[in-house]
file coords_2.pdb (PDB, C-alpha atoms)
ATOM      1  CA  MET A   1     -11.990  20.717   1.463
ATOM      2  CA  SER A   2     -12.111  17.470   3.422
ATOM      3  CA  GLN A   3     -13.597  17.399   6.867
ATOM      4  CA  GLU A   4     -11.533  17.007  10.010
ATOM      5  CA  SER A   5     -10.768  13.483  11.161
ATOM      6  CA  PRO A   6     -13.375  11.624  13.213
ATOM      7  CA  LYS A   7     -12.324  10.744  16.765
ATOM      8  CA  LEU A   8     -13.138   7.039  16.970
ATOM      9  CA  THR A   9     -12.875   4.823  20.024
ATOM     10  CA  VAL A  10     -11.077   1.469  20.040
ATOM     11  CA  LYS A  11     -14.469  -0.271  20.218
ATOM     12  CA  GLU A  12     -15.667   1.556  17.080
ATOM     13  CA  ALA A  13     -12.472   0.611  15.249
ATOM     14  CA  GLU A  14     -12.884  -3.025  16.331
ATOM     15  CA  GLU A  15     -16.461  -3.066  15.038
ATOM     16  CA  LEU A  16     -15.416  -1.594  11.704
ATOM     17  CA  LEU A  17     -12.636  -4.182  11.228
ATOM     18  CA  LEU A  18     -15.024  -6.961  12.273
ATOM     19  CA  SER A  19     -17.497  -5.856   9.598
ATOM     20  CA  HIS A  20     -14.676  -5.895   7.018
ATOM     21  CA  TRP A  21     -13.353  -9.394   7.735
ATOM     22  CA  GLY A  22     -16.249 -11.102   9.449
ATOM     23  CA  GLU A  23     -13.979 -11.977  12.362
ATOM     24  CA  PRO A  24     -12.248  -9.897  15.021
ATOM     25  CA  ALA A  25      -8.921  -8.148  14.638
ATOM     26  CA  GLU A  26      -6.491  -8.505  17.537
ATOM     27  CA  GLU A  27      -4.741  -5.962  19.747
ATOM     28  CA  VAL A  28      -6.484  -2.914  18.277
ATOM     29  CA  SER A  29      -4.794   0.180  19.698
ATOM     30  CA  PRO A  30      -4.898   3.921  18.852
ATOM     31  CA  ILE A  31      -1.629   5.368  17.522
ATOM     32  CA  GLY A  32      -2.731   8.926  16.729
ATOM     33  CA  ASN A  33      -4.808  11.139  14.515
ATOM     34  CA  GLY A  34      -3.844  12.570  11.150
ATOM     35  CA  HIS A  35      -5.408  15.653   9.599
ATOM     36  CA  PHE A  36      -8.231  13.607   8.075
ATOM     37  CA  SER A  37      -8.171  10.184   9.761
ATOM     38  CA  SER A  38      -7.937   8.340  13.066
ATOM     39  CA  VAL A  39      -5.190   5.711  13.036
ATOM     40  CA  PHE A  40      -5.089   2.368  14.869
ATOM     41  CA  SER A  41      -2.640  -0.524  14.914
ATOM     42  CA  PHE A  42      -3.886  -4.115  15.021
ATOM     43  CA  LYS A  43      -2.867  -7.692  14.330
ATOM     44  CA  LYS A  44      -4.390 -10.286  12.042
ATOM     45  CA  GLU A  45      -3.101 -13.844  11.803
ATOM     46  CA  GLY A  46       0.103 -12.820  13.554
ATOM     47  CA  LYS A  47       0.872  -9.923  11.194
ATOM     48  CA  SER A  48       0.820  -6.246  12.180
ATOM     49  CA  PHE A  49      -1.131  -3.578  10.284
ATOM     50  CA  VAL A  50      -2.426  -0.046  10.680
ATOM     51  CA  VAL A  51      -5.819   1.262   9.629
ATOM     52  CA  GLY A  52      -6.638   4.896   8.908
ATOM     53  CA  ILE A  53     -10.329   5.727   9.321
ATOM     54  CA  GLY A  54     -11.822   8.918   7.911
ATOM     55  CA  ARG A  55     -15.149  10.257   6.776
ATOM     56  CA  ALA A  56     -16.265   8.844   3.438
ATOM     57  CA  GLU A  57     -15.771  11.293   0.561
ATOM     58  CA  PRO A  58     -16.783  11.058  -3.127
ATOM     59  CA  SER A  59     -13.100  11.110  -4.099
ATOM     60  CA  ASP A  60     -12.109   8.131  -1.922
ATOM     61  CA  GLU A  61     -11.967   5.554  -4.738
ATOM     62  CA  ALA A  62      -9.773   7.754  -6.932
ATOM     63  CA  ASP A  63      -7.563   8.663  -3.957
ATOM     64  CA  TYR A  64      -7.054   5.004  -3.131
ATOM     65  CA  ALA A  65      -6.215   4.109  -6.739
ATOM     66  CA  ARG A  66      -3.580   6.851  -6.690
ATOM     67  CA  SER A  67      -2.175   5.702  -3.330
ATOM     68  CA  LYS A  68      -2.087   2.081  -4.492
ATOM     69  CA  PHE A  69      -0.209   3.006  -7.679
ATOM     70  CA  ILE A  70       2.362   4.950  -5.645
ATOM     71  CA  SER A  71       2.813   2.167  -3.091
ATOM     72  CA  ASN A  72       3.208  -0.491  -5.782
ATOM     73  CA  LEU A  73       5.701   1.639  -7.734
ATOM     74  CA  LEU A  74       7.896   2.285  -4.701
ATOM     75  CA  VAL A  75       7.768  -1.187  -3.150
ATOM     76  CA  ALA A  76       8.544  -2.816  -6.519
ATOM     77  CA  GLY A  77      11.456  -0.405  -6.914
ATOM     78  CA  GLY A  78      12.977  -1.390  -3.584
ATOM     79  CA  ALA A  79      12.057   1.747  -1.636
ATOM     80  CA  ARG A  80      11.269   1.470   2.073
ATOM     81  CA  TYR A  81       7.722   2.662   1.575
ATOM     82  CA  GLN A  82       4.561   1.562   3.349
ATOM     83  CA  GLN A  83       2.572  -1.114   1.496
ATOM     84  CA  LEU A  84      -1.214  -0.872   1.097
ATOM     85  CA  PHE A  85      -3.376  -3.948   1.679
ATOM     86  CA  GLY A  86      -6.943  -2.839   1.077
ATOM     87  CA  ARG A  87      -9.712  -0.354   1.617
ATOM     88  CA  GLY A  88     -13.387  -0.311   2.437
ATOM     89  CA  THR A  89     -16.379   1.810   3.355
ATOM     90  CA  ASN A  90     -18.710   1.291   6.281
ATOM     91  CA  GLY A  91     -21.570   3.755   6.594
ATOM     92  CA  THR A  92     -20.080   7.228   6.845
ATOM     93  CA  TYR A  93     -16.511   5.951   7.242
ATOM     94  CA  ASN A  94     -13.814   5.104   4.746
ATOM     95  CA  PHE A  95     -10.785   3.079   5.858
ATOM     96  CA  ILE A  96      -7.438   2.044   4.380
ATOM     97  CA  ILE A  97      -5.311  -0.823   5.715
ATOM     98  CA  ARG A  98      -1.541  -0.443   5.480
ATOM     99  CA  GLU A  99       1.645  -2.187   6.521
ATOM    100  CA  TYR A 100       2.720  -1.545  10.099
ATOM    101  CA  ILE A 101       6.218  -0.059  10.210
ATOM    102  CA  PRO A 102       8.002  -0.193  13.585
ATOM    103  CA  GLY A 103       9.819   2.837  14.927
ATOM    104  CA  GLN A 104       9.044   6.476  15.569
ATOM    105  CA  VAL A 105       9.115   9.548  13.408
ATOM    106  CA  VAL A 106      12.573  11.044  12.967
ATOM    107  CA  ALA A 107      11.268  14.357  14.318
ATOM    108  CA  ASP A 108      10.864  12.757  17.764
ATOM    109  CA  LEU A 109      14.369  11.284  17.972
ATOM    110  CA  PRO A 110      16.962  12.905  20.247
ATOM    111  CA  ASP A 111      19.512  14.924  18.289
ATOM    112  CA  GLU A 112      22.280  12.352  18.775
ATOM    113  CA  GLN A 113      20.077   9.649  17.228
ATOM    114  CA  LYS A 114      19.188  11.934  14.326
ATOM    115  CA  VAL A 115      22.905  12.257  13.643
ATOM    116  CA  ALA A 116      23.307   8.473  13.788
ATOM    117  CA  VAL A 117      20.413   7.966  11.377
ATOM    118  CA  LEU A 118      21.553  10.631   8.878
ATOM    119  CA  PRO A 119      23.636   8.404   6.541
ATOM    120  CA  ASP A 120      20.794   5.898   6.202
ATOM    121  CA  LEU A 121      18.275   8.737   5.856
ATOM    122  CA  VAL A 122      20.196   9.951   2.805
ATOM    123  CA  ARG A 123      20.287   6.403   1.400
ATOM    124  CA  ALA A 124      16.585   5.713   1.990
ATOM    125  CA  ILE A 125      15.386   8.933   0.365
ATOM    126  CA  SER A 126      17.788   8.492  -2.556
ATOM    127  CA  GLU A 127      16.554   4.925  -3.102
ATOM    128  CA  MET A 128      12.978   6.217  -3.178
ATOM    129  CA  ASN A 129      13.759   9.040  -5.611
ATOM    130  CA  GLN A 130      15.617   6.724  -7.982
ATOM    131  CA  VAL A 131      12.975   3.993  -8.374
ATOM    132  CA  PRO A 132      12.467   3.150 -12.058
ATOM    133  CA  LEU A 133       9.375   4.925 -13.373
ATOM    134  CA  ASN A 134       6.733   3.109 -15.375
ATOM    135  CA  GLY A 135       7.721   3.836 -18.974
ATOM    136  CA  ASN A 136       4.078   4.191 -19.979
ATOM    137  CA  THR A 137       3.437   7.126 -17.665
ATOM    138  CA  THR A 138       3.669  10.748 -18.715
ATOM    139  CA  GLY A 139       3.574  14.234 -17.261
ATOM    140  CA  TYR A 140       4.851  16.274 -14.352
ATOM    141  CA  GLY A 141       3.361  17.415 -11.078
ATOM    142  CA  PHE A 142       0.842  15.506  -8.986
ATOM    143  CA  ILE A 143       0.359  11.852  -9.888
ATOM    144  CA  ASN A 144      -3.261  10.958 -10.677
ATOM    145  CA  ARG A 145      -5.077   7.641 -10.350
ATOM    146  CA  THR A 146      -3.757   6.444 -13.737
ATOM    147  CA  GLY A 147      -0.162   6.991 -12.661
ATOM    148  CA  ASN A 148       0.365  10.020 -14.905
ATOM    149  CA  GLY A 149       1.443  13.512 -13.928
ATOM    150  CA  GLU A 150      -1.343  16.076 -14.254
ATOM    151  CA  SER A 151       0.741  18.658 -16.186
ATOM    152  CA  ARG A 152       2.602  18.580 -19.480
ATOM    153  CA  SER A 153       5.790  20.140 -18.096
ATOM    154  CA  TRP A 154       7.267  21.372 -14.833
ATOM    155  CA  HIS A 155       6.636  25.007 -15.805
ATOM    156  CA  ASP A 156       3.028  24.167 -16.642
ATOM    157  CA  TYR A 157       2.637  22.524 -13.240
ATOM    158  CA  ILE A 158       4.093  25.533 -11.382
ATOM    159  CA  ARG A 159       1.712  27.923 -13.122
ATOM    160  CA  ARG A 160      -1.299  25.696 -12.415
ATOM    161  CA  PHE A 161      -0.325  25.135  -8.783
ATOM    162  CA  TYR A 162      -0.154  28.859  -8.049
ATOM    163  CA  ALA A 163      -2.987  29.980 -10.317
ATOM    164  CA  GLU A 164      -5.742  32.021  -8.703
ATOM    165  CA  ASP A 165      -8.524  29.699  -9.874
ATOM    166  CA  GLN A 166      -8.377  26.600  -7.652
ATOM    167  CA  ARG A 167     -12.057  25.685  -7.547
ATOM    168  CA  GLY A 168     -12.845  22.420  -5.785
ATOM    169  CA  SER A 169      -9.438  22.144  -4.120
ATOM    170  CA  PHE A 170      -7.951  22.996  -0.731
ATOM    171  CA  TRP A 171      -6.757  26.310  -2.193
ATOM    172  CA  GLU A 172     -10.089  27.544  -3.540
ATOM    173  CA  ASN A 173     -10.286  31.363  -3.135
ATOM    174  CA  TRP A 174      -6.733  31.446  -1.765
ATOM    175  CA  HIS A 175      -6.143  35.011  -3.081
ATOM    176  CA  GLU A 176      -8.373  36.138  -0.210
ATOM    177  CA  LEU A 177      -5.344  35.481   2.008
ATOM    178  CA  PHE A 178      -3.727  38.641   0.605
ATOM    179  CA  ARG A 179      -6.568  40.558   2.233
ATOM    180  CA  THR A 180      -7.298  38.527   5.356
ATOM    181  CA  SER A 181      -3.918  37.134   6.503
ATOM    182  CA  CYS A 182      -0.208  37.907   6.815
ATOM    183  CA  LEU A 183       0.386  36.837   3.182
ATOM    184  CA  GLU A 184       1.997  39.804   1.407
ATOM    185  CA  ARG A 185       1.218  40.107  -2.298
ATOM    186  CA  ASP A 186       4.472  41.884  -3.199
ATOM    187  CA  VAL A 187       6.559  39.288  -1.347
ATOM    188  CA  PHE A 188       4.615  36.422  -2.878
ATOM    189  CA  GLU A 189       5.027  37.805  -6.395
ATOM    190  CA  GLU A 190       8.743  38.443  -5.889
ATOM    191  CA  ILE A 191       9.369  34.865  -4.759
ATOM    192  CA  TYR A 192       7.078  33.451  -7.451
ATOM    193  CA  ASN A 193       9.041  35.294 -10.145
ATOM    194  CA  ARG A 194      12.292  33.954  -8.713
ATOM    195  CA  LEU A 195      10.759  30.471  -8.741
ATOM    196  CA  LEU A 196       9.957  30.776 -12.444
ATOM    197  CA  VAL A 197      13.571  31.702 -13.167
ATOM    198  CA  TYR A 198      15.139  28.879 -11.152
ATOM    199  CA  SER A 199      12.562  26.255 -12.105
ATOM    200  CA  ALA A 200      14.233  26.214 -15.518
ATOM    201  CA  TYR A 201      17.007  24.208 -13.831
ATOM    202  CA  ASN A 202      14.481  21.714 -12.436
ATOM    203  CA  GLU A 203      12.488  21.489 -15.666
ATOM    204  CA  PRO A 204      14.459  18.740 -17.482
ATOM    205  CA  HIS A 205      14.384  16.254 -14.596
ATOM    206  CA  ARG A 206      11.574  13.738 -14.066
ATOM    207  CA  TYR A 207      11.782  11.414 -11.070
ATOM    208  CA  PHE A 208       9.488  10.201  -8.320
ATOM    209  CA  VAL A 209       9.150  12.973  -5.719
ATOM    210  CA  HIS A 210       7.587  12.271  -2.309
ATOM    211  CA  ASN A 211       6.778  15.995  -1.960
ATOM    212  CA  ASP A 212       6.155  15.788   1.804
ATOM    213  CA  CYS A 213       9.576  14.366   2.592
ATOM    214  CA  HIS A 214       9.962  15.841   6.047
ATOM    215  CA  GLN A 215      11.018  14.273   9.328
ATOM    216  CA  TRP A 216       7.425  13.516  10.422
ATOM    217  CA  ASN A 217       6.963  11.159   7.442
ATOM    218  CA  ILE A 218      10.100   9.081   8.004
ATOM    219  CA  LEU A 219      10.239   6.339  10.642
ATOM    220  CA  SER A 220      13.338   5.105  12.429
ATOM    221  CA  ASP A 221      14.448   2.728  15.174
ATOM    222  CA  GLY A 222      17.160   5.185  16.247
ATOM    223  CA  SER A 223      19.941   3.717  14.104
ATOM    224  CA  LYS A 224      18.386   3.331  10.657
ATOM    225  CA  VAL A 225      15.305   4.286   8.648
ATOM    226  CA  THR A 226      12.569   1.670   8.982
ATOM    227  CA  GLY A 227      10.112   3.189   6.525
ATOM    228  CA  ILE A 228       8.693   6.184   4.673
ATOM    229  CA  ILE A 229       4.991   7.088   4.695
ATOM    230  CA  ASP A 230       2.370   9.512   3.360
ATOM    231  CA  ALA A 231       3.713  10.683   0.009
ATOM    232  CA  ASN A 232       1.960  13.626  -1.614
ATOM    233  CA  ALA A 233       3.530  12.213  -4.727
ATOM    234  CA  MET A 234       4.488  13.897  -7.965
ATOM    235  CA  TYR A 235       6.880  13.703 -10.894
ATOM    236  CA  GLY A 236       9.616  16.291 -10.974
ATOM    237  CA  ASP A 237      13.158  16.967  -9.793
ATOM    238  CA  PHE A 238      14.135  14.748  -6.840
ATOM    239  CA  VAL A 239      16.084  17.681  -5.381
ATOM    240  CA  ILE A 240      12.669  18.874  -4.112
ATOM    241  CA  ASP A 241      12.770  16.105  -1.505
ATOM    242  CA  ILE A 242      16.274  17.145  -0.485
ATOM    243  CA  ALA A 243      14.979  20.670   0.108
ATOM    244  CA  SER A 244      12.109  19.255   2.194
ATOM    245  CA  ILE A 245      14.367  17.304   4.572
ATOM    246  CA  ALA A 246      17.169  19.895   4.749
ATOM    247  CA  ASP A 247      16.552  20.960   8.370
ATOM    248  CA  ALA A 248      15.966  17.519   9.897
ATOM    249  CA  VAL A 249      19.320  17.215  11.694
ATOM    250  CA  PRO A 250      20.438  20.372  13.525
ATOM    251  CA  GLY A 251      23.985  21.484  12.785
ATOM    252  CA  HIS A 252      24.379  19.286   9.697
ATOM    253  CA  ASP A 253      24.422  20.288   6.022
ATOM    254  CA  ILE A 254      21.969  17.700   4.720
ATOM    255  CA  PRO A 255      21.909  18.958   1.102
ATOM    256  CA  GLU A 256      25.696  18.589   1.004
ATOM    257  CA  ALA A 257      25.362  15.049   2.411
ATOM    258  CA  PHE A 258      23.066  14.187  -0.507
ATOM    259  CA  ARG A 259      25.397  15.810  -3.032
ATOM    260  CA  LEU A 260      28.337  13.767  -1.754
ATOM    261  CA  HIS A 261      26.253  10.586  -1.629
ATOM    262  CA  TYR A 262      25.371  10.872  -5.316
ATOM    263  CA  GLU A 263      29.014  11.550  -6.155
ATOM    264  CA  GLU A 264      30.004   8.390  -4.289
ATOM    265  CA  LEU A 265      27.428   6.463  -6.323
ATOM    266  CA  GLY A 266      29.049   7.752  -9.501
ATOM    267  CA  LYS A 267      25.933   9.824 -10.285
ATOM    268  CA  PRO A 268      26.894  13.438  -9.535
ATOM    269  CA  ILE A 269      23.969  15.860  -9.577
ATOM    270  CA  PRO A 270      24.513  18.420 -12.357
ATOM    271  CA  GLN A 271      23.749  22.072 -11.518
ATOM    272  CA  PHE A 272      22.990  21.001  -7.965
ATOM    273  CA  HIS A 273      22.996  24.447  -6.353
ATOM    274  CA  GLU A 274      20.728  25.982  -8.990
ATOM    275  CA  ARG A 275      18.318  23.050  -8.815
ATOM    276  CA  TYR A 276      18.347  23.194  -5.023
ATOM    277  CA  THR A 277      17.527  26.916  -5.109
ATOM    278  CA  GLY A 278      14.598  26.220  -7.438
ATOM    279  CA  ALA A 279      13.396  23.467  -5.091
ATOM    280  CA  ARG A 280      13.650  25.789  -2.084
ATOM    281  CA  TYR A 281      11.569  28.421  -3.830
ATOM    282  CA  TYR A 282       8.954  25.822  -4.809
ATOM    283  CA  LYS A 283       8.589  24.342  -1.305
ATOM    284  CA  GLY A 284       9.043  27.663   0.471
ATOM    285  CA  LEU A 285       6.380  29.528  -1.486
ATOM    286  CA  ASP A 286       3.885  26.764  -0.780
ATOM    287  CA  ALA A 287       4.851  26.944   2.916
ATOM    288  CA  LEU A 288       4.233  30.718   2.985
ATOM    289  CA  ARG A 289       0.755  30.243   1.611
ATOM    290  CA  PHE A 290       0.022  27.454   4.094
ATOM    291  CA  TYR A 291       1.376  29.340   7.108
ATOM    292  CA  ALA A 292      -0.776  32.342   6.185
ATOM    293  CA  HIS A 293      -3.812  30.086   5.821
ATOM    294  CA  GLN A 294      -3.173  28.595   9.279
ATOM    295  CA  GLY A 295      -2.487  31.975  10.903
ATOM    296  CA  TRP A 296       1.081  30.977  11.803
ATOM    297  CA  THR A 297       2.578  34.442  11.463
ATOM    298  CA  HIS A 298       5.881  33.652  13.188
ATOM    299  CA  ALA A 299       6.577  30.679  10.878
ATOM    300  CA  TYR A 300       5.540  32.808   7.899
ATOM    301  CA  VAL A 301       7.991  35.592   8.764
ATOM    302  CA  GLU A 302      10.879  33.159   9.348
ATOM    303  CA  GLU A 303      10.345  31.382   6.035
ATOM    304  CA  ARG A 304       9.767  34.628   4.151
ATOM    305  CA  ASP A 305      13.085  36.027   5.359
ATOM    306  CA  ARG A 306      14.956  32.809   4.494
ATOM    307  CA  LEU A 307      13.522  32.819   0.968
ATOM    308  CA  LEU A 308      14.281  36.479   0.331
ATOM    309  CA  ALA A 309      17.892  35.800   1.354
ATOM    310  CA  LEU A 310      18.286  33.191  -1.412
ATOM    311  CA  PRO A 311      19.772  34.137  -4.820
ATOM    312  CA  SER A 312      17.377  36.121  -6.988
TER     313      SER A 312
END
call {"tool": "encode", "arguments": {"input": "coords_2.pdb", "output": "structure tokens"}}
result
Amino acid sequence: MSQESPKLTVKEAEELLLSHWGEPAEEVSPIGNGHFSSVFSFKKEGKSFVVGIGRAEPSDEADYARSKFISNLLVAGGARYQQLFGRGTNGTYNFIIREYIPGQVVADLPDEQKVAVLPDLVRAISEMNQVPLNGNTTGYGFINRTGNGESRSWHDYIRRFYAEDQRGSFWENWHELFRTSCLERDVFEEIYNRLLVYSAYNEPHRYFVHNDCHQWNILSDGSKVTGIIDANAMYGDFVIDIASIADAVPGHDIPEAFRLHYEELGKPIPQFHERYTGARYYKGLDALRFYAHQGWTHAYVEERDRLLALPS
């Protein structure tokens, strides 16, 4: 598992960027910390960028190749996704330079602005999901550095993702959660079995899926979407992203907004409700495991009850 993000000062970020270019960056300013990196905005030759700085890991080169493939695929396909401009390593730090996207995360908008943004939110996510895929790529599930999915089929991916043996990954020894946390084995197995049933509806569909398509990864100026960031990208059914963003605007049926949008495009989504149920089980089961890992019992109970209320 990766280490927590380093807490760098502006001066340290300036020194790192100076070592990369051989000349100073301008207007370096902190804009927050992610799980594994400190993030700064800066300017260079009049253009705005962001740099994420984390501790150097053996997997950094492969991770960057994967991120670069995803960025190139989406930008070339017309999606409003953040471009990547380079990477480097300096001592114990790894850094990635990205496009600066103005705006704030949708999660921080007042409710009335979320409502105003909703039509463009549906458009932006749909544009991303419908980018043409490279015809030479294969597979389902997480996209690797070559641009291929790591599994032969969606069912194969599901079984691998929830297998007990997860050595070398974030979920190594995750079955210990049944003993040490609020994660209930009988509940988990019930929802997993439902997932296997409904995933048959998702199985035939292969699109680009952001897979972390929630309101903290979408930026807006209050009237439209200005950009999408931080894909945990995979190949699968794009309805997964609809399930991920479903609660972003209180009081609005976002899945229905997507269904109607695709109808208006002349591309109605076949078996939408069954596919959406499969997507909810996929995202919800992963959320249960994560909430248990974090010790977020209240969130776990709420999501558990919502999932158990879905069709079985």
call {"tool": "closest_residue", "arguments": {"input": "coords_2.pdb", "among": "A:Gln104, A:Asn72, A:Asn202, A:Ser29", "to": "A:Tyr140", "atoms": "only C-alpha atoms"}}
result
A:Asn202
call {"tool": "closest_residue", "arguments": {"input": "coords_2.pdb", "among": "A:Leu8, A:Ile158, A:Met234, A:Ile218", "to": "A:Tyr93", "atoms": "all atoms listed in the file"}}
result
A:Leu8
call {"tool": "residues_near_point", "arguments": {"input": "coords_2.pdb", "point": "(3.5, 9.8, -20.7)", "cutoff": "10 Å", "atoms": "all atoms listed in the file", "output": "PyMOL selection string"}}
result
chain A and resi 134-140+147-149+152
call {"tool": "resolve_selection", "arguments": {"input": "coords_2.pdb", "expression": "the PyMOL selection byres ((chain A and resi 164) around 12)", "output": "ChimeraX atom specification"}}
result
/A:159-163,165-167,169,171-178
call {"tool": "residues_around", "arguments": {"input": "coords_2.pdb", "residues": "A:Leu73", "least_positions_apart": "2", "cutoff": "8 Å", "atoms": "all atoms listed in the file", "output": "PyMOL selection string"}}
result
chain A and resi 69-71+75-77+131+133-134
call {"tool": "resolve_selection", "arguments": {"input": "coords_2.pdb", "expression": "the PyMOL selection byres ((chain A and resi 109-120) around 10)", "output": "ChimeraX atom specification"}}
result
/A:104-108,121-126,215,219-226,248-252,254,257-258,261
call {"tool": "write_last_selection", "arguments": {"input": "coords_2.pdb", "atoms": "C-alpha atoms", "output": "CSV table (one decimal), keeping the file's coordinate frame"}}
result
chain,number,residue,atom,x,y,z
A,104,GLN,CA,9.0,6.5,15.6
A,105,VAL,CA,9.1,9.5,13.4
A,106,VAL,CA,12.6,11.0,13.0
A,107,ALA,CA,11.3,14.4,14.3
A,108,ASP,CA,10.9,12.8,17.8
A,121,LEU,CA,18.3,8.7,5.9
A,122,VAL,CA,20.2,10.0,2.8
A,123,ARG,CA,20.3,6.4,1.4
A,124,ALA,CA,16.6,5.7,2.0
A,125,ILE,CA,15.4,8.9,0.4
A,126,SER,CA,17.8,8.5,-2.6
A,215,GLN,CA,11.0,14.3,9.3
A,219,LEU,CA,10.2,6.3,10.6
A,220,SER,CA,13.3,5.1,12.4
A,221,ASP,CA,14.4,2.7,15.2
A,222,GLY,CA,17.2,5.2,16.2
A,223,SER,CA,19.9,3.7,14.1
A,224,LYS,CA,18.4,3.3,10.7
A,225,VAL,CA,15.3,4.3,8.6
A,226,THR,CA,12.6,1.7,9.0
A,248,ALA,CA,16.0,17.5,9.9
A,249,VAL,CA,19.3,17.2,11.7
A,250,PRO,CA,20.4,20.4,13.5
A,251,GLY,CA,24.0,21.5,12.8
A,252,HIS,CA,24.4,19.3,9.7
A,254,ILE,CA,22.0,17.7,4.7
A,257,ALA,CA,25.4,15.0,2.4
A,258,PHE,CA,23.1,14.2,-0.5
A,261,HIS,CA,26.3,10.6,-1.6
call {"tool": "closest_residue", "arguments": {"input": "coords_2.pdb", "among": "A:Met128, A:Ile242, A:Ile269, A:Ile101", "to": "A:Lys47", "atoms": "all atoms listed in the file"}}
result
A:Ile101
call {"tool": "atom_distance", "arguments": {"input": "coords_2.pdb", "atom1": "atom CA of A:Thr89", "atom2": "atom CA of A:Glu14"}}
result
14.3 Å
call {"tool": "residues_around", "arguments": {"input": "coords_2.pdb", "residues": "A:Asp186", "least_positions_apart": "6", "cutoff": "12 Å", "atoms": "only C-alpha atoms", "output": "ChimeraX atom specification"}}
result
/A:178,192-193,304,308
call {"tool": "write_last_selection", "arguments": {"input": "coords_2.pdb", "atoms": "C-alpha atoms", "output": "mmCIF file, in the coordinates of the input"}}
result
data_model
loop_
_atom_site.group_PDB
_atom_site.id
_atom_site.type_symbol
_atom_site.label_atom_id
_atom_site.label_comp_id
_atom_site.auth_asym_id
_atom_site.auth_seq_id
_atom_site.Cartn_x
_atom_site.Cartn_y
_atom_site.Cartn_z
ATOM 1 C CA PHE A 178 -3.727 38.641 0.605
ATOM 2 C CA TYR A 192 7.078 33.451 -7.451
ATOM 3 C CA ASN A 193 9.041 35.294 -10.145
ATOM 4 C CA ARG A 304 9.767 34.628 4.151
ATOM 5 C CA LEU A 308 14.281 36.479 0.331
#
call {"tool": "residues_around", "arguments": {"input": "coords_2.pdb", "residues": "A:Phe238", "least_positions_apart": "5", "cutoff": "8 Å", "atoms": "all atoms listed in the file", "output": "ChimeraX atom specification"}}
result
/A:129,205-209
call {"tool": "closest_residue", "arguments": {"input": "coords_2.pdb", "among": "A:Glu256, A:Glu26, A:Asp230, A:Asp286", "to": "A:Lys68", "atoms": "only C-alpha atoms"}}
result
A:Asp230
